[in-house]
$ cat final.tsv   # TSV, C-alpha atoms and all ligand atoms
chain	number	residue	atom	x	y	z
J	121	MET	CA	-4.08	41.30	-5.70
J	122	LEU	CA	-1.44	39.04	-7.18
J	123	LEU	CA	0.92	39.86	-4.38
J	124	ARG	CA	-1.75	39.05	-1.86
J	125	LEU	CA	-2.41	35.68	-3.46
J	126	SER	CA	1.19	34.62	-3.52
J	127	THR	CA	1.60	35.59	0.13
J	128	ASP	CA	-1.38	33.42	0.98
J	129	ASP	CA	0.08	30.54	-0.93
J	130	GLU	CA	3.31	30.97	0.95
J	131	SER	CA	1.61	30.73	4.31
J	132	ARG	CA	-0.36	27.75	3.05
J	133	TRP	CA	2.82	26.07	1.96
J	134	ALA	CA	4.33	26.72	5.38
J	135	ALA	CA	1.29	25.10	7.00
J	136	VAL	CA	1.69	22.07	4.73
J	137	GLN	CA	5.36	21.73	5.56
J	138	ASN	CA	4.58	21.89	9.27
J	139	ARG	CA	1.62	19.53	8.91
J	140	ASP	CA	-0.36	22.17	10.73
J	141	THR	CA	-3.63	20.55	11.85
J	142	SER	CA	-5.20	23.95	12.53
J	143	ALA	CA	-5.07	24.64	8.79
J	144	ASP	CA	-7.26	21.60	8.04
J	145	GLY	CA	-10.64	22.54	6.66
J	146	HIS	CA	-9.38	25.91	5.40
J	147	PHE	CA	-7.84	24.61	2.20
J	148	VAL	CA	-6.46	21.49	0.56
J	149	TYR	CA	-3.26	21.04	-1.40
J	150	ALA	CA	-3.08	19.12	-4.65
J	151	VAL	CA	-0.03	17.45	-6.16
J	152	ALA	CA	0.26	17.72	-9.92
J	153	SER	CA	2.57	14.72	-10.29
J	154	THR	CA	0.25	12.27	-8.49
J	155	ARG	CA	-3.13	13.97	-9.18
J	156	ILE	CA	-4.00	13.55	-5.48
J	157	TYR	CA	-5.16	16.21	-3.04
J	158	CYS	CA	-4.66	16.25	0.73
J	159	ARG	CA	-5.39	18.04	3.97
J	160	PRO	CA	-2.58	20.34	5.07
J	161	SER	CA	-1.74	17.94	7.90
J	162	CYS	CA	-1.64	14.75	5.80
J	163	PRO	CA	1.13	12.53	7.23
J	164	SER	CA	2.34	11.49	3.79
J	165	ARG	CA	5.67	12.58	2.40
J	166	ARG	CA	5.87	16.25	1.35
J	167	PRO	CA	5.88	16.83	-2.40
J	168	HIS	CA	8.14	19.32	-4.19
J	169	ARG	CA	6.76	22.82	-3.97
J	170	ARG	CA	6.68	23.14	-7.73
J	171	HIS	CA	4.13	20.31	-8.00
J	172	VAL	CA	1.77	21.82	-5.44
J	173	ARG	CA	-1.44	23.78	-6.02
J	174	PHE	CA	-3.86	25.03	-3.40
J	175	PHE	CA	-7.64	24.88	-3.47
J	176	LEU	CA	-10.10	26.32	-1.00
J	177	SER	CA	-12.27	23.21	-0.95
J	178	PRO	CA	-12.19	19.52	-1.94
J	179	GLU	CA	-14.84	20.28	-4.57
J	180	ASP	CA	-12.56	22.81	-6.26
J	181	ALA	CA	-9.73	20.30	-6.38
J	182	GLU	CA	-12.00	17.60	-7.78
J	183	ALA	CA	-13.34	19.95	-10.42
J	184	GLU	CA	-9.76	20.11	-11.70
J	185	GLY	CA	-9.53	16.34	-11.80
J	186	TYR	CA	-7.68	15.63	-8.54
J	187	ARG	CA	-8.61	12.63	-6.41
J	188	ALA	CA	-8.90	12.58	-2.62
J	189	CYS	CA	-5.95	11.07	-0.75
J	190	ARG	CA	-6.91	7.81	0.91
J	191	ARG	CA	-4.62	8.42	3.79
J	192	CYS	CA	-5.88	11.74	5.14
J	193	GLY	CA	-9.40	11.58	3.65
J	194	PRO	CA	-9.72	15.30	2.92
J	195	ARG	CA	-13.41	14.97	2.01
J	196	GLU	CA	-14.55	13.53	5.29
J	197	PRO	CA	-15.24	15.72	8.28
J	198	GLU	CA	-12.55	14.81	10.73
J	199	THR	CA	-13.18	13.58	14.25
J	200	ALA	CA	-11.06	14.73	17.16
J	201	ALA	CA	-9.70	11.19	17.51
J	202	GLY	CA	-8.78	11.07	13.85
J	203	ARG	CA	-6.84	14.30	14.16
J	204	ARG	CA	-4.91	13.06	17.16
J	205	ILE	CA	-4.02	9.86	15.40
J	206	ARG	CA	-2.66	11.84	12.48
J	207	GLU	CA	-0.68	13.96	14.90
J	208	ALA	CA	0.69	10.75	16.35
J	209	GLN	CA	1.67	9.53	12.87
J	210	THR	CA	3.46	12.77	12.17
J	211	TYR	CA	5.28	12.63	15.51
J	212	LEU	CA	6.44	9.08	14.82
J	213	GLU	CA	7.69	10.07	11.39
J	214	GLN	CA	9.69	12.91	12.86
J	215	HIS	CA	11.28	10.59	15.43
J	216	LEU	CA	12.03	7.49	13.39
J	217	ASP	CA	15.55	7.42	14.77
J	218	GLU	CA	14.25	6.98	18.32
J	219	THR	CA	12.17	4.41	20.12
J	220	VAL	CA	8.99	6.28	20.94
J	221	THR	CA	7.11	4.57	23.76
J	222	LEU	CA	3.34	4.50	23.87
J	223	GLU	CA	3.47	6.62	27.04
J	224	ARG	CA	5.53	9.32	25.37
J	225	LEU	CA	3.36	9.33	22.27
J	226	GLY	CA	0.25	9.50	24.46
J	227	ARG	CA	1.58	12.57	26.27
J	228	GLU	CA	2.34	14.15	22.93
J	229	VAL	CA	-1.20	13.76	21.56
J	230	ARG	CA	-3.08	13.93	24.88
J	231	MET	CA	-4.45	10.40	24.95
J	232	SER	CA	-3.97	7.55	27.41
J	233	PRO	CA	-1.59	4.87	26.12
J	234	TYR	CA	-4.38	2.30	26.12
J	235	HIS	CA	-6.83	4.48	24.24
J	236	LEU	CA	-4.13	5.63	21.83
J	237	GLN	CA	-3.11	2.07	20.98
J	238	ARG	CA	-6.70	1.00	20.35
J	239	THR	CA	-7.73	4.06	18.36
J	240	PHE	CA	-4.55	4.04	16.30
J	241	LYS	CA	-5.12	0.43	15.38
J	242	ARG	CA	-8.77	0.96	14.58
J	243	LEU	CA	-8.09	3.87	12.24
J	244	THR	CA	-4.86	2.81	10.57
J	245	GLY	CA	-4.94	-0.97	10.77
J	246	THR	CA	-1.65	-1.13	12.63
J	247	THR	CA	-0.11	-0.17	15.97
J	248	PRO	CA	2.09	2.93	16.49
J	249	ARG	CA	5.06	0.62	16.71
J	250	GLY	CA	4.10	-1.22	13.52
J	251	TYR	CA	3.55	2.10	11.81
J	252	ALA	CA	6.99	3.45	12.77
J	253	SER	CA	8.66	0.29	11.66
J	254	ALA	CA	6.88	0.31	8.30
J	255	ARG	CA	7.93	3.96	7.75
J	256	ARG	CA	11.54	3.11	8.62
J	257	LEU	CA	11.51	0.32	6.09
J	258	GLU	CA	9.95	2.59	3.47
J	259	GLN	CA	12.56	5.25	4.12
J	260	MET	CA	15.36	2.76	3.86
J	261	LYS	CA	13.99	1.37	0.61
J	262	SER	CA	13.81	4.80	-0.96
J	263	ARG	CA	17.34	5.65	0.19
J	264	LEU	CA	18.66	2.39	-1.12
J	265	LYS	CA	17.02	3.07	-4.43
J	266	GLU	CA	18.61	6.53	-4.43
J	267	GLY	CA	21.90	4.68	-4.29
J	268	LYS	CA	23.10	5.35	-0.76
J	269	SER	CA	25.27	2.71	0.82
J	270	VAL	CA	23.53	0.13	2.96
J	271	SER	CA	25.11	1.30	6.22
J	272	ARG	CA	24.34	4.96	5.51
J	273	ALA	CA	20.74	4.17	4.57
J	274	THR	CA	20.14	2.01	7.63
J	275	TYR	CA	21.39	4.72	9.98
J	276	ASP	CA	19.42	7.39	8.10
J	277	ALA	CA	16.31	5.26	8.45
J	278	GLY	CA	16.66	5.10	12.19
J	279	TYR	CA	17.97	1.61	12.69
J	280	SER	CA	20.59	1.36	15.38
J	281	SER	CA	22.77	-0.91	13.28
J	282	PRO	CA	22.80	-2.52	9.87
J	283	SER	CA	22.23	-5.94	11.45
J	284	ARG	CA	18.94	-4.82	13.00
J	285	ALA	CA	17.77	-3.55	9.63
J	286	TYR	CA	18.93	-6.75	8.05
J	287	ASP	CA	16.88	-8.95	10.39
J	288	HIS	CA	13.88	-6.73	10.03
J	289	SER	CA	13.88	-6.47	6.29
J	290	ARG	CA	14.55	-10.12	5.71
J	291	ALA	CA	11.20	-10.86	7.29
J	292	ARG	CA	9.38	-8.14	5.39
J	293	LEU	CA	11.03	-7.94	2.02
J	294	GLY	CA	12.02	-11.54	1.57
J	295	MET	CA	15.30	-10.05	0.33
J	296	THR	CA	18.15	-8.46	2.21
J	297	PRO	CA	18.57	-4.65	1.94
J	298	ALA	CA	21.60	-5.12	-0.26
J	299	THR	CA	19.67	-7.38	-2.59
J	300	TYR	CA	16.78	-4.97	-2.81
J	301	ARG	CA	19.09	-2.08	-3.57
J	302	ARG	CA	20.46	-4.02	-6.47
J	303	GLY	CA	16.95	-4.50	-7.83
J	304	GLY	CA	16.86	-8.14	-6.89
J	305	GLN	CA	20.41	-8.96	-7.97
J	306	GLY	CA	21.21	-12.55	-7.14
J	307	VAL	CA	17.53	-13.46	-7.00
J	308	ARG	CA	16.41	-15.88	-9.63
J	309	ILE	CA	12.91	-15.48	-10.90
J	310	ALA	CA	11.38	-17.80	-13.45
J	311	TYR	CA	8.13	-17.08	-15.19
J	312	THR	CA	5.75	-18.41	-17.74
J	313	VAL	CA	2.90	-16.84	-19.64
J	314	VAL	CA	-0.15	-18.90	-20.56
J	315	PRO	CA	-3.48	-18.08	-22.16
J	316	SER	CA	-6.53	-18.06	-19.91
J	317	GLU	CA	-10.18	-17.09	-19.93
J	318	ALA	CA	-9.19	-13.77	-18.39
J	319	GLY	CA	-6.46	-12.91	-20.86
J	320	LYS	CA	-2.75	-13.65	-20.71
J	321	LEU	CA	-1.69	-14.94	-17.33
J	322	LEU	CA	1.87	-14.56	-16.06
J	323	VAL	CA	3.03	-16.72	-13.17
J	324	ALA	CA	6.47	-15.99	-11.70
J	325	GLY	CA	8.29	-17.70	-8.89
J	326	THR	CA	11.44	-17.64	-6.82
J	327	GLU	CA	12.90	-20.74	-5.27
J	328	ARG	CA	10.53	-20.17	-2.35
J	329	GLY	CA	7.27	-20.06	-4.26
J	330	ILE	CA	5.02	-17.96	-6.48
J	331	CYS	CA	5.93	-14.27	-6.24
J	332	ALA	CA	3.66	-12.82	-8.93
J	333	VAL	CA	0.49	-13.73	-10.80
J	334	THR	CA	-0.54	-10.99	-13.19
J	335	LEU	CA	-3.12	-10.58	-15.94
J	336	GLY	CA	-2.85	-8.60	-19.13
J	337	ASP	CA	-3.57	-8.43	-22.83
J	338	ASP	CA	-0.17	-9.51	-24.04
J	339	ALA	CA	2.87	-11.39	-22.83
J	340	VAL	CA	5.32	-8.61	-23.72
J	341	GLY	CA	3.66	-6.11	-21.38
J	342	LEU	CA	3.49	-8.61	-18.55
J	343	GLU	CA	7.17	-9.52	-18.91
J	344	ALA	CA	8.17	-5.86	-19.03
J	345	ALA	CA	6.28	-5.14	-15.79
J	346	LEU	CA	8.00	-8.04	-14.05
J	347	ARG	CA	11.43	-6.87	-15.20
J	348	ALA	CA	10.69	-3.31	-14.12
J	349	GLU	CA	9.97	-4.51	-10.63
J	350	TYR	CA	13.20	-6.51	-10.36
J	351	PRO	CA	15.56	-4.79	-12.80
J	352	ALA	CA	18.62	-6.71	-11.64
J	353	ALA	CA	17.14	-10.10	-10.88
J	354	GLU	CA	17.98	-13.01	-13.07
J	355	ILE	CA	14.70	-13.42	-14.87
J	356	GLU	CA	14.11	-16.14	-17.34
J	357	ARG	CA	11.35	-18.22	-18.78
J	358	GLY	CA	10.87	-21.32	-16.73
J	359	ASN	CA	9.28	-24.68	-17.08
J	360	GLY	CA	8.70	-27.77	-14.98
J	361	GLU	CA	7.33	-26.79	-11.61
J	362	LEU	CA	6.40	-23.33	-12.83
J	363	GLU	CA	4.20	-24.75	-15.57
J	364	GLU	CA	2.47	-26.91	-13.01
J	365	TRP	CA	1.79	-23.85	-10.90
J	366	ALA	CA	0.43	-21.98	-13.91
J	367	ARG	CA	-1.79	-24.91	-14.83
J	368	ALA	CA	-3.15	-25.00	-11.28
J	369	VAL	CA	-4.01	-21.29	-11.48
J	370	VAL	CA	-5.71	-21.71	-14.86
J	371	ASP	CA	-7.68	-24.72	-13.58
J	372	TYR	CA	-8.74	-22.70	-10.59
J	373	LEU	CA	-9.87	-19.88	-12.83
J	374	GLU	CA	-11.94	-22.32	-14.83
J	375	GLY	CA	-13.61	-23.66	-11.73
J	376	ALA	CA	-11.54	-26.79	-11.06
J	377	GLY	CA	-9.38	-27.37	-8.02
J	378	GLY	CA	-8.03	-25.01	-5.42
J	379	THR	CA	-4.87	-23.03	-4.87
J	380	GLU	CA	-4.30	-23.85	-1.19
J	381	ARG	CA	-1.39	-26.09	-1.93
J	382	LEU	CA	0.57	-23.69	-4.07
J	383	PRO	CA	3.70	-22.39	-2.33
J	384	LEU	CA	3.62	-18.59	-2.12
J	385	ASP	CA	6.50	-16.14	-1.72
J	386	VAL	CA	4.63	-12.97	-0.84
J	387	ARG	CA	5.93	-9.90	0.86
J	388	GLY	CA	3.66	-7.72	2.90
J	389	THR	CA	3.08	-6.18	6.27
J	390	ALA	CA	1.36	-8.19	8.98
J	391	PHE	CA	-1.88	-6.36	8.23
J	392	GLN	CA	-1.68	-6.99	4.49
J	393	ARG	CA	-1.07	-10.66	5.12
J	394	LYS	CA	-4.12	-10.86	7.37
J	395	VAL	CA	-6.25	-9.23	4.66
J	396	TRP	CA	-4.89	-11.57	1.99
J	397	GLU	CA	-5.59	-14.63	4.15
J	398	THR	CA	-9.14	-13.43	4.65
J	399	LEU	CA	-9.58	-12.97	0.89
J	400	GLN	CA	-8.52	-16.55	0.33
J	401	ARG	CA	-11.49	-17.69	2.39
J	402	ILE	CA	-14.09	-15.95	0.20
J	403	PRO	CA	-15.73	-18.73	-1.79
J	404	ARG	CA	-16.00	-18.59	-5.54
J	405	GLY	CA	-19.25	-16.97	-6.58
J	406	SER	CA	-19.42	-14.69	-3.54
J	407	THR	CA	-18.14	-11.22	-2.89
J	408	ARG	CA	-17.40	-9.14	0.20
J	409	SER	CA	-17.17	-5.42	0.66
J	410	TYR	CA	-14.04	-3.70	1.93
J	411	ALA	CA	-15.96	-2.85	5.11
J	412	GLU	CA	-17.02	-6.46	5.63
J	413	ILE	CA	-13.43	-7.63	5.44
J	414	ALA	CA	-12.46	-4.92	7.92
J	415	ARG	CA	-15.17	-6.11	10.30
J	416	GLU	CA	-14.08	-9.70	9.86
J	417	LEU	CA	-10.60	-8.67	10.94
J	418	GLY	CA	-12.06	-7.03	14.04
J	419	GLN	CA	-11.06	-3.58	12.76
J	420	PRO	CA	-14.30	-2.12	11.44
J	421	ALA	CA	-12.82	1.32	10.73
J	422	ALA	CA	-9.98	-0.04	8.61
J	423	ALA	CA	-11.93	-0.37	5.33
J	424	ARG	CA	-9.58	2.02	3.59
J	425	ALA	CA	-6.53	0.08	4.76
J	426	VAL	CA	-8.23	-3.08	3.47
J	427	ALA	CA	-8.72	-1.46	0.07
J	428	GLN	CA	-5.04	-0.54	0.02
J	429	ALA	CA	-4.02	-4.09	0.91
J	430	CYS	CA	-6.19	-5.38	-1.95
J	431	ALA	CA	-4.54	-2.88	-4.30
J	432	SER	CA	-1.07	-4.10	-3.34
J	433	ASN	CA	-1.86	-7.74	-3.98
J	434	ARG	CA	0.66	-9.22	-6.44
J	435	LEU	CA	-1.08	-12.56	-6.84
J	436	ALA	CA	-4.14	-12.21	-9.05
J	437	LEU	CA	-6.72	-15.01	-8.60
J	438	VAL	CA	-4.63	-16.93	-6.06
J	439	ILE	CA	-5.40	-14.16	-3.59
J	440	PRO	CA	-8.84	-13.34	-5.00
J	441	CYS	CA	-8.94	-9.59	-4.47
J	442	HIS	CA	-11.41	-9.44	-7.37
J	443	ARG	CA	-14.04	-10.75	-4.94
J	444	VAL	CA	-13.94	-7.55	-2.93
J	445	VAL	CA	-16.33	-4.85	-4.07
J	446	ARG	CA	-17.65	-1.59	-2.77
J	447	GLU	CA	-20.32	-1.46	-0.10
J	448	ASP	CA	-22.80	0.10	-2.54
J	449	GLY	CA	-22.35	-2.80	-4.96
J	450	GLY	CA	-19.96	-0.86	-7.22
J	451	LEU	CA	-17.04	-2.88	-8.48
J	452	GLY	CA	-14.28	-0.82	-6.84
J	453	GLY	CA	-10.83	-1.00	-8.39
J	454	TYR	CA	-8.79	-3.79	-9.89
J	455	ARG	CA	-5.10	-3.69	-10.58
J	456	TRP	CA	-5.51	-5.72	-13.74
J	457	GLY	CA	-8.43	-3.80	-15.21
J	458	ILE	CA	-11.96	-3.21	-14.05
J	459	GLU	CA	-13.47	-4.93	-17.10
J	460	ARG	CA	-11.50	-8.05	-16.27
J	461	LYS	CA	-12.85	-7.95	-12.73
J	462	ARG	CA	-16.40	-7.74	-14.04
J	463	VAL	CA	-15.85	-10.75	-16.30
J	464	LEU	CA	-14.24	-12.82	-13.53
J	465	LEU	CA	-17.11	-12.15	-11.15
J	466	GLU	CA	-19.75	-12.96	-13.77
J	467	ARG	CA	-18.11	-16.26	-14.58
J	468	GLU	CA	-17.81	-17.15	-10.93
J	469	ARG	CA	-21.45	-16.33	-10.28
J	470	ARG	CA	-22.45	-18.70	-13.06
J	471	ARG	CA	-20.18	-21.44	-11.74
J	472	PRO	CA	-19.96	-21.05	-7.99
J	473	ALA	CA	-17.98	-23.31	-5.67
W	1	ZN	ZN	-3.20	12.93	2.15
$ encode --input "final.tsv" --output "structure tokens"
Amino acid sequence: MLLRLSTDDESRWAAVQNRDTSADGHFVYAVASTRIYCRPSCPSRRPHRRHVRFFLSPEDAEAEGYRACRRCGPREPETAAGRRIREAQTYLEQHLDETVTLERLGREVRMSPYHLQRTFKRLTGTTPRGYASARRLEQMKSRLKEGKSVSRATYDAGYSSPSRAYDHSRARLGMTPATYRRGGQGVRIAYTVVPSEAGKLLVAGTERGICAVTLGDDAVGLEAALRAEYPAAEIERGNGELEEWARAVVDYLEGAGGTERLPLDVRGTAFQRKVWETLQRIPRGSTRSYAEIARELGQPAAARAVAQACASNRLALVIPCHRVVREDGGLGGYRWGIERKRVLLERERRRPA
């Protein structure tokens, strides 16, 4: 019996490594280090075998406290289109060092280029090309953090030359690859922490604008989180302009003035930026659901991608992700604490725009 079980697990592990779509629906795999479970064919990065457990159904995994992956949605019955799009994602990830045309990708997953482009965008919030380029950037970032040299990492990540990677990442990261590798070395970040109705408020900025607005119970924790994100940046308490920015955010929180004129230094993908811009148009006192934002962007199936963009927002209040709630009226998540979100929304309802 034991022998039989371990053999099964071995074939399951092989299916996971091959992202075998035909194994979907037969079992899910759960990752102990992240507490997430996935379909066998999930396009996300493969975990270490030692962290992996197998369950026959999503319910079994959830009974053990695992949460469903947002990327492969192991709870939802999968449509044929959804499966092909995940196959396309996997194919792109396996060919990051090449330029995969829409025609070639279409042949690979048996869809016309036009239909592929549209469906891909509808389900993932980005185009195949945008997806490949985001994965390349992600791969390069992780290699840089592992300490590989810039030229090695750029070639490993599928860029034809360091200068291409350089141009690309300057637009996306706001920092050059070398700077990122050094944890923001050479970047000067000033911050201030002020009290507010929603707890301690940290506002940090580079010379280009505000790069972080975070909320927490104490200044020490907020400072530590900022330093952890940019371990090598020159971080110091600031004053002058920074205090003006912080005052503007506090005023805004209290119902006075707007934040439109604050200079922002945000980094995000094109899709994230579109979501964040849409959030900035939600008036105080109102809320939207993730699905409504997706519809507003003309991508009604991208609600999950919208939720992810909200979760990666670094600018509390200024980009009011707290005004996005679940379709069923539930609060959804909040990076700075669900209770804080509840309080913010209550205050705003009492004092709308
Ligand atoms: Zn997954």
$ closest_atom_pairs --input "final.tsv" --of "chain J" --to "ligand ZN 1 (chain W)" --cutoff "7 Å" --atoms "all atoms listed in the file" --output "Markdown table"
| residue | atom | partner | partner_atom | distance |
| --- | --- | --- | --- | --- |
| J:Tyr157 | CA | W:ZN1 | ZN | 6.4 |
| J:Cys158 | CA | W:ZN1 | ZN | 3.9 |
| J:Arg159 | CA | W:ZN1 | ZN | 5.8 |
| J:Cys162 | CA | W:ZN1 | ZN | 4.4 |
| J:Pro163 | CA | W:ZN1 | ZN | 6.7 |
| J:Ser164 | CA | W:ZN1 | ZN | 6.0 |
| J:Cys189 | CA | W:ZN1 | ZN | 4.4 |
| J:Arg190 | CA | W:ZN1 | ZN | 6.4 |
| J:Arg191 | CA | W:ZN1 | ZN | 5.0 |
| J:Cys192 | CA | W:ZN1 | ZN | 4.2 |
| J:Gly193 | CA | W:ZN1 | ZN | 6.5 |
| J:Pro194 | CA | W:ZN1 | ZN | 7.0 |
$ atom_distance --input "final.tsv" --atom1 "CA of Leu225 (chain J)" --atom2 "CA of Arg387 (chain J)"
28.9 Å
$ atom_distance --input "final.tsv" --atom1 "CA of Ala143 (chain J)" --atom2 "CA of Glu258 (chain J)"
27.2 Å
$ atom_distance --input "final.tsv" --atom1 "CA of Ser253 (chain J)" --atom2 "CA of Phe240 (chain J)"
14.5 Å
$ residues_around --input "final.tsv" --residues "region 333-338 of chain J" --least-positions-apart "2" --cutoff "8 Å" --atoms "only C-alpha atoms" --output "list in words"
Ala318, Gly319, Lys320, Leu321, Leu322, Val323, Ala324, Ile330, Cys331, Val340, Gly341, Leu342, Arg434, Leu435, Ala436, Leu437, Val438 and Trp456 of chain J
$ residues_around --input "final.tsv" --residues "Glu364 (chain J)" --least-positions-apart "6" --cutoff "12 Å" --atoms "all atoms listed in the file" --output "ChimeraX atom specification"
/J:311-312,314,323-325,330,358,370-371,379,381-383
$ closest_residue --input "final.tsv" --among "J:Glu317, J:Glu223, J:Glu196, J:Glu184" --to "Arg460 (chain J)" --atoms "only C-alpha atoms"
J:Glu317
$ residues_around --input "final.tsv" --residues "region 126-135 of chain J" --least-positions-apart "5" --cutoff "10 Å" --atoms "all atoms listed in the file" --output "PyMOL selection string"
chain J and resi 121+140-144+146-149+160-161+169+172-175
$ residues_around --input "final.tsv" --residues "Arg467 (chain J)" --least-positions-apart "6" --cutoff "12 Å" --atoms "all atoms listed in the file" --output "PyMOL selection string"
chain J and resi 317-318+373-375+404-406+442-443+460-461+473
$ write_last_selection --input "final.tsv" --atoms "C-alpha atoms" --output "PDB file, in the coordinates of the input"
ATOM      1  CA  GLU J 317     -10.180 -17.090 -19.930  1.00  0.00           C
ATOM      2  CA  ALA J 318      -9.190 -13.770 -18.390  1.00  0.00           C
ATOM      3  CA  LEU J 373      -9.870 -19.880 -12.830  1.00  0.00           C
ATOM      4  CA  GLU J 374     -11.940 -22.320 -14.830  1.00  0.00           C
ATOM      5  CA  GLY J 375     -13.610 -23.660 -11.730  1.00  0.00           C
ATOM      6  CA  ARG J 404     -16.000 -18.590  -5.540  1.00  0.00           C
ATOM      7  CA  GLY J 405     -19.250 -16.970  -6.580  1.00  0.00           C
ATOM      8  CA  SER J 406     -19.420 -14.690  -3.540  1.00  0.00           C
ATOM      9  CA  HIS J 442     -11.410  -9.440  -7.370  1.00  0.00           C
ATOM     10  CA  ARG J 443     -14.040 -10.750  -4.940  1.00  0.00           C
ATOM     11  CA  ARG J 460     -11.500  -8.050 -16.270  1.00  0.00           C
ATOM     12  CA  LYS J 461     -12.850  -7.950 -12.730  1.00  0.00           C
ATOM     13  CA  ALA J 473     -17.980 -23.310  -5.670  1.00  0.00           C
TER      14      ALA J 473
END
$ closest_residue --input "final.tsv" --among "J:Gln400, J:Ser262, J:Gln209, J:Asn433" --to "Gly226 (chain J)" --atoms "all atoms listed in the file"
J:Gln209
$ closest_residue --input "final.tsv" --among "J:Gly202, J:Gly378, J:Gly453, J:Pro315" --to "Thr239 (chain J)" --atoms "all atoms listed in the file"
J:Gly202
$ closest_residue --input "final.tsv" --among "J:Leu346, J:Leu399, J:Ala339, J:Leu464" --to "Tyr372 (chain J)" --atoms "only C-alpha atoms"
J:Leu464
$ closest_residue --input "final.tsv" --among "J:Leu417, J:Leu176, J:Ala188, J:Leu222" --to "Ile156 (chain J)" --atoms "only C-alpha atoms"
J:Ala188
$ closest_residue --input "final.tsv" --among "J:His168, J:His215, J:Lys394, J:Arg155" --to "Arg256 (chain J)" --atoms "all atoms listed in the file"
J:His215
$ residues_around --input "final.tsv" --residues "region 418-432 of chain J" --least-positions-apart "2" --cutoff "8 Å" --atoms "only C-alpha atoms" --output "tab-separated table (two decimals) with C-alpha atoms, in the frame of the given file"
chain	number	residue	atom	x	y	z
J	190	ARG	CA	-6.91	7.81	0.91
J	241	LYS	CA	-5.12	0.43	15.38
J	242	ARG	CA	-8.77	0.96	14.58
J	243	LEU	CA	-8.09	3.87	12.24
J	244	THR	CA	-4.86	2.81	10.57
J	245	GLY	CA	-4.94	-0.97	10.77
J	391	PHE	CA	-1.88	-6.36	8.23
J	392	GLN	CA	-1.68	-6.99	4.49
J	395	VAL	CA	-6.25	-9.23	4.66
J	396	TRP	CA	-4.89	-11.57	1.99
J	410	TYR	CA	-14.04	-3.70	1.93
J	411	ALA	CA	-15.96	-2.85	5.11
J	412	GLU	CA	-17.02	-6.46	5.63
J	413	ILE	CA	-13.43	-7.63	5.44
J	414	ALA	CA	-12.46	-4.92	7.92
J	415	ARG	CA	-15.17	-6.11	10.30
J	416	GLU	CA	-14.08	-9.70	9.86
J	434	ARG	CA	0.66	-9.22	-6.44
J	441	CYS	CA	-8.94	-9.59	-4.47
J	453	GLY	CA	-10.83	-1.00	-8.39
J	454	TYR	CA	-8.79	-3.79	-9.89
J	455	ARG	CA	-5.10	-3.69	-10.58
